file entry.txt (compact mmCIF, C-alpha atoms)
# COMPACT_ATOMS: atom_id res chain seq x y z
CA MET A 1 102.97 89.14 123.71
CA SER A 2 102.46 88.79 119.96
CA TYR A 3 102.15 91.06 116.95
CA SER A 4 99.37 90.91 114.36
CA TYR A 5 100.04 92.25 110.88
CA ALA A 6 97.39 92.85 108.23
CA SER A 7 98.34 93.41 104.61
CA THR A 8 97.53 96.88 103.27
CA ALA A 9 97.64 95.88 99.62
CA ALA A 10 94.81 94.60 97.46
CA VAL A 11 97.00 91.79 96.14
CA CYS A 12 99.24 89.97 98.61
CA ASN A 13 101.96 87.43 98.26
CA SER A 14 102.61 84.04 99.80
CA LEU A 15 105.50 83.05 102.02
CA ASP A 16 104.42 79.46 101.61
CA SER A 17 105.41 77.20 98.76
CA THR A 18 106.41 73.66 97.94
CA ASN A 19 109.75 72.10 98.86
CA ASP A 20 111.31 72.65 95.44
CA SER A 21 111.27 76.43 95.87
CA ILE A 22 114.37 78.50 95.19
CA LYS A 23 115.41 81.38 97.37
CA LYS A 24 118.10 84.02 96.92
CA SER A 25 119.25 86.68 99.30
CA THR A 26 121.09 89.96 99.07
CA THR A 27 122.70 91.28 102.23
CA ASN A 28 123.51 94.94 102.61
CA ASN A 29 125.27 96.03 105.77
CA ALA A 30 124.28 99.67 105.76
CA THR A 31 121.61 102.04 106.87
CA GLY A 32 118.13 100.85 105.96
CA GLY A 33 116.05 102.15 103.09
CA SER A 34 112.95 104.28 103.49
CA GLY A 35 109.43 102.91 103.67
CA ASP A 36 105.96 104.20 103.01
CA ILE A 37 103.78 102.05 105.26
CA ALA A 38 103.68 102.63 109.00
CA CYS A 39 103.69 99.75 111.46
CA ASN A 40 100.87 98.70 113.70
CA ILE A 41 102.87 96.70 116.22
CA SER A 42 103.14 97.01 119.96
CA PRO A 43 105.96 99.36 121.01
CA ASN A 44 108.15 96.82 122.79
CA SER A 45 111.58 97.17 121.21
CA LEU A 46 114.97 98.73 121.73
CA GLN A 47 115.83 102.22 120.54
CA VAL A 48 117.68 102.06 117.22
CA HIS A 49 120.78 104.25 117.02
CA PRO A 50 122.81 105.22 113.94
CA LYS A 51 125.09 102.41 112.81
CA PRO A 52 128.27 102.41 110.71
CA LEU A 53 128.21 101.71 106.99
CA VAL A 54 129.97 98.62 105.66
CA ASP A 55 130.33 97.04 102.22
CA MET A 56 127.37 95.34 100.56
CA LYS A 57 127.49 91.56 100.33
CA VAL A 58 125.49 89.31 98.05
CA LYS A 59 124.53 85.88 99.34
CA LYS A 60 122.61 83.09 97.66
CA GLY A 61 120.07 81.18 99.68
CA CYS A 62 119.06 77.59 99.12
CA ASN A 63 116.44 75.06 100.06
CA SER A 64 117.16 73.08 103.19
CA THR A 65 117.35 69.40 102.48
CA ASP A 66 116.40 66.72 104.96
CA ALA A 67 118.37 64.04 103.10
CA GLY A 68 120.59 62.17 105.50
CA VAL A 69 119.34 64.15 108.51
CA LEU A 70 118.26 62.16 111.55
CA LEU A 71 114.67 62.70 112.62
CA THR A 72 114.30 64.65 115.84
CA THR A 73 111.48 65.66 118.17
CA GLU A 74 110.84 68.87 120.03
CA GLU A 75 111.04 67.00 123.32
CA GLU A 76 114.54 65.74 122.50
CA LEU A 77 115.79 69.19 121.51
CA LEU A 78 114.38 70.84 124.64
CA ARG A 79 116.60 68.54 126.70
CA LYS A 80 119.78 69.46 124.81
CA PRO A 81 122.14 72.15 126.16
CA SER A 82 122.33 73.68 122.66
CA VAL A 83 120.53 73.16 119.36
CA SER A 84 122.28 72.85 115.98
CA PRO A 85 121.03 73.37 112.39
CA GLU A 86 120.96 69.60 111.87
CA ASP A 87 118.71 69.26 114.91
CA VAL A 88 115.97 71.54 113.54
CA LEU A 89 116.22 70.06 110.04
CA GLY A 90 115.13 66.78 111.59
CA LEU A 91 111.88 68.21 112.95
CA GLN A 92 108.76 66.91 111.22
CA LYS A 93 106.16 69.34 112.58
CA ILE A 94 105.80 72.84 113.97
CA THR A 95 107.16 73.32 117.48
CA GLU A 96 104.82 74.10 120.36
CA ASN A 97 107.52 75.84 122.42
CA TYR A 98 110.56 78.01 121.82
CA LEU A 99 113.77 75.99 121.61
CA CYS A 100 115.91 78.73 123.18
CA SER A 101 115.40 81.57 125.62
CA PRO A 102 115.72 85.30 124.79
CA GLU A 103 118.84 85.38 127.00
CA GLU A 104 120.69 83.19 124.49
CA ASN A 105 120.73 86.09 122.03
CA VAL A 106 124.08 87.24 123.43
CA HIS A 107 124.93 89.04 120.18
CA MET A 108 121.97 91.39 120.74
CA ILE A 109 120.48 90.74 117.28
CA ASP A 110 117.38 92.92 116.93
CA PHE A 111 115.08 92.85 113.89
CA THR A 112 113.84 96.40 113.38
CA ARG A 113 112.10 96.45 109.98
CA PHE A 114 110.42 93.98 107.63
CA LYS A 115 109.02 94.55 104.14
CA ILE A 116 107.49 92.34 101.46
CA ARG A 117 107.23 93.43 97.82
CA ASP A 118 105.97 91.87 94.62
CA MET A 119 109.06 91.39 92.45
CA GLU A 120 107.09 91.56 89.21
CA THR A 121 105.47 94.94 89.83
CA GLY A 122 107.64 96.39 92.60
CA THR A 123 104.52 96.96 94.71
CA ILE A 124 105.21 97.09 98.44
CA LEU A 125 102.69 94.72 99.95
CA PHE A 126 103.40 95.83 103.49
CA GLU A 127 106.16 97.21 105.67
CA ILE A 128 106.52 97.23 109.44
CA THR A 129 109.04 99.06 111.59
CA LYS A 130 109.51 98.60 115.31
CA PRO A 131 109.05 101.88 117.21
CA PRO A 132 111.37 103.01 120.01
CA THR A 133 110.94 101.54 123.46
CA PRO A 134 108.66 103.82 125.49
CA ALA A 135 110.04 105.48 128.59
CA GLY A 136 109.21 103.65 131.78
CA ASN A 137 110.25 100.86 134.06
CA LYS A 138 112.40 98.30 132.25
CA LYS A 139 110.88 95.64 134.47
CA ASP A 140 107.71 96.02 132.41
CA PHE A 141 109.52 94.98 129.23
CA ASP A 142 108.40 91.59 127.92
CA PRO A 143 111.49 89.60 126.77
CA ASN A 144 109.27 87.50 124.48
CA ALA A 145 107.83 90.53 122.67
CA GLY A 146 108.19 90.11 118.93
CA ARG A 147 108.93 86.38 118.96
CA PHE A 148 105.51 85.54 117.55
CA VAL A 149 103.83 87.21 114.55
CA ARG A 150 100.32 86.67 113.16
CA TYR A 151 99.88 87.61 109.50
CA GLN A 152 96.55 88.30 107.81
CA PHE A 153 96.48 88.12 104.00
CA THR A 154 93.92 87.88 101.21
CA PRO A 155 93.56 84.71 99.08
CA ALA A 156 95.37 86.52 96.24
CA PHE A 157 98.54 86.34 98.35
CA LEU A 158 98.86 82.69 97.34
CA GLN A 159 98.93 83.50 93.63
CA LEU A 160 102.16 85.51 93.39
CA ARG A 161 105.20 83.74 92.01
CA GLN A 162 108.14 85.89 93.15
CA VAL A 163 108.46 88.18 96.13
CA GLY A 164 111.25 89.97 97.95
CA ALA A 165 111.32 89.94 101.75
CA THR A 166 113.59 92.64 103.17
CA VAL A 167 114.67 92.45 106.79
CA GLU A 168 116.66 95.08 108.67
CA PHE A 169 118.47 94.17 111.88
CA THR A 170 121.07 95.53 114.24
CA VAL A 171 123.75 93.68 116.18
CA GLY A 172 125.50 94.44 119.47
CA ASP A 173 129.14 95.11 120.18
CA MET A 174 130.40 91.66 119.10
CA PRO A 175 131.07 90.70 115.46
CA ILE A 176 129.08 87.82 113.98
CA ASN A 177 131.06 85.57 111.65
CA ASN A 178 128.55 82.84 110.85
CA PHE A 179 124.92 83.99 110.98
CA ARG A 180 122.42 81.53 109.52
CA MET A 181 118.65 81.21 109.38
CA ILE A 182 116.60 78.07 108.77
CA GLU A 183 112.92 78.75 108.12
CA ARG A 184 110.40 75.91 108.02
CA HIS A 185 106.77 76.35 106.97
CA TYR A 186 103.97 73.89 107.68
CA PHE A 187 100.30 73.53 106.88
CA ARG A 188 98.76 71.55 109.69
CA GLU A 189 101.58 69.06 110.29
CA LYS A 190 102.79 68.82 106.70
CA LEU A 191 106.09 70.51 105.80
CA LEU A 192 105.48 72.90 102.89
CA LYS A 193 109.01 74.24 102.55
CA SER A 194 112.31 74.61 104.35
CA PHE A 195 114.72 77.44 103.49
CA ASP A 196 118.32 77.94 104.51
CA PHE A 197 120.14 81.31 104.46
CA GLU A 198 123.64 82.47 105.22
CA PHE A 199 123.65 86.16 106.24
CA GLY A 200 127.43 86.46 106.15
CA PHE A 201 129.67 88.55 108.37
CA CYS A 202 128.08 91.30 110.48
CA MET A 203 130.21 94.07 111.92
CA PRO A 204 129.81 94.93 115.60
CA SER A 205 127.33 97.72 116.33
CA SER A 206 126.10 97.68 112.73
CA LYS A 207 122.73 97.97 111.01
CA ASN A 208 122.24 95.34 108.30
CA THR A 209 119.69 95.00 105.50
CA CYS A 210 119.05 91.74 103.67
CA GLU A 211 116.50 90.94 100.99
CA HIS A 212 115.51 87.34 100.36
CA ILE A 213 114.00 86.69 96.96
CA TYR A 214 111.46 83.89 96.97
CA GLU A 215 110.82 82.06 93.71
CA PHE A 216 108.36 79.20 93.89
CA PRO A 217 105.98 77.14 91.77
CA PRO A 218 102.22 77.43 92.30
CA LEU A 219 100.53 75.53 95.09
CA SER A 220 97.88 73.01 94.15
CA GLU A 221 94.30 74.26 94.09
CA GLU A 222 93.40 71.81 96.84
CA ILE A 223 96.14 72.99 99.20
CA MET A 224 95.34 76.65 98.57
CA ARG A 225 91.65 76.04 99.21
CA GLU A 226 92.40 74.30 102.50
CA MET A 227 94.82 77.05 103.58
CA ILE A 228 92.17 79.69 102.88
CA LEU A 229 89.42 77.77 104.67
CA HIS A 230 91.57 77.11 107.75
CA PRO A 231 93.26 80.35 108.85
CA TYR A 232 96.28 80.18 111.14
CA GLU A 233 96.81 76.47 110.51
CA THR A 234 99.69 77.55 108.27
CA GLN A 235 102.61 78.12 110.61
CA SER A 236 106.35 78.68 110.53
CA ASP A 237 109.43 78.33 112.72
CA SER A 238 112.38 80.65 112.09
CA PHE A 239 115.61 79.46 113.68
CA TYR A 240 118.67 81.73 113.86
CA PHE A 241 122.15 80.36 114.46
CA VAL A 242 125.52 81.91 115.23
CA ASP A 243 128.45 79.51 114.77
CA ASN A 244 125.95 76.64 114.45
CA LYS A 245 124.32 77.31 117.83
CA LEU A 246 120.68 78.35 118.09
CA VAL A 247 120.45 81.88 119.51
CA MET A 248 116.97 83.02 118.39
CA HIS A 249 113.70 81.27 117.62
CA ASN A 250 110.69 83.12 116.20
CA LYS A 251 107.27 81.77 115.25
CA ALA A 252 104.44 82.92 112.99
CA ASP A 253 101.06 81.84 111.72
CA TYR A 254 99.13 82.95 108.64
CA SER A 255 95.58 83.58 107.49
CA TYR A 256 94.73 83.80 103.79
CA SER A 257 91.00 84.39 104.26
CA GLY A 258 91.18 88.17 103.96
CA GLY A 259 90.17 88.88 107.55
CA PRO A 260 90.98 88.23 111.20

call {"tool": "encode", "arguments": {"input": "entry.txt", "output": "structure tokens"}}
result
Amino acid sequence: MSYSYASTAAVCNSLDSTNDSIKKSTTNNATGGSGDIACNISPNSLQVHPKPLVDMKVKKGCNSTDAGVLLTTEEELLRKPSVSPEDVLGLQKITENYLCSPEENVHMIDFTRFKIRDMETGTILFEITKPPTPAGNKKDFDPNAGRFVRYQFTPAFLQLRQVGATVEFTVGDMPINNFRMIERHYFREKLLKSFDFEFGFCMPSSKNTCEHIYEFPPLSEEIMREMILHPYETQSDSFYFVDNKLVMHNKADYSYSGGP
């Protein structure tokens, strides 16, 4: 099962940039902020319960660098008992499969809200919140629900220079000491950017909010034109690690043509 998100704003922002982009993140372990835009996603998620408040933490993100990293292939990583950050940094193209199963998310990390805003104007470009799991047979629950997202944006999305991406997530009854995300974006089989984030410590049974601030130079006119003309050929892998072991893998693709 997959989700499809369409921007509700007239001007949208790009998650894609060149490799010399700079990214910052602010992590707030607390209850999430309010939002104005309702979600349009399928209701396959866990019920969110009140979580304890903890101190805010500020973290600085950085670009992933492939310097000195051995090249790897998806086939090699699928044969490994566990996948490390260095393994995914060696990938040269988008993966066709997930590199870990949903059962490897033993810390019960659940992403419950996502918002993108234009940092220059403060305009919320869109916001999505996962609804509660409907009552019924748990056997009907799809463990892969939410692992793939399809975004639909207008061409103007590619013109913005700084955006904030806020994510809200909950964790289970175990603390997380080393939570890291590596996010790699491709157009066709060319790597556009690779970002690396440290989320910091997460208390057990907590709700956490983190905003990543993307700052990037403009894309070339040729690349933007090709990305607009070829929807969903821009793709991303998001890898999540706890103590340097891959525990979650999400995928997305993007259209900048202004329609499905």

call {"tool": "closest_residue", "arguments": {"input": "entry.txt", "among": "A:Leu91, A:Ala252, A:Ile116, A:Leu99", "to": "Leu78 in chain A", "atoms": "all atoms listed in the file"}}
result
A:Leu99

call {"tool": "atom_distance", "arguments": {"input": "entry.txt", "atom1": "CA of Asn105 in chain A", "atom2": "CA of His249 in chain A"}}
result
9.6 Å

call {"tool": "residues_around", "arguments": {"input": "entry.txt", "residues": "Met227 in chain A", "least_positions_apart": "2", "cutoff": "10 Å", "atoms": "all atoms listed in the file", "output": "PyMOL selection string"}}
result
chain A and resi 155+158+187-188+221-225+229-234+254-257

call {"tool": "closest_residue", "arguments": {"input": "entry.txt", "among": "A:Glu211, A:Glu96, A:Glu183, A:Glu120", "to": "Tyr240 in chain A", "atoms": "all atoms listed in the file"}}
result
A:Glu183

call {"tool": "atom_distance", "arguments": {"input": "entry.txt", "atom1": "CA of Phe197 in chain A", "atom2": "CA of Glu86 in chain A"}}
result
13.9 Å

call {"tool": "atom_distance", "arguments": {"input": "entry.txt", "atom1": "CA of Phe201 in chain A", "atom2": "CA of Gln162 in chain A"}}
result
26.5 Å

call {"tool": "residues_around", "arguments": {"input": "entry.txt", "residues": "Asp110 in chain A", "least_positions_apart": "2", "cutoff": "12 Å", "atoms": "only C-alpha atoms", "output": "ChimeraX atom specification"}}
result
/A:44-49,102,105-108,112-114,129-130,143,145-147,167-172,205-209,240,247-248,250

call {"tool": "closest_residue", "arguments": {"input": "entry.txt", "among": "A:Tyr186, A:Asn244, A:Val88, A:Glu215", "to": "Val69 in chain A", "atoms": "all atoms listed in the file"}}
result
A:Val88

call {"tool": "closest_residue", "arguments": {"input": "entry.txt", "among": "A:Leu246, A:Gly200, A:Ala165, A:Asn177", "to": "Gly122 in chain A", "atoms": "all atoms listed in the file"}}
result
A:Ala165
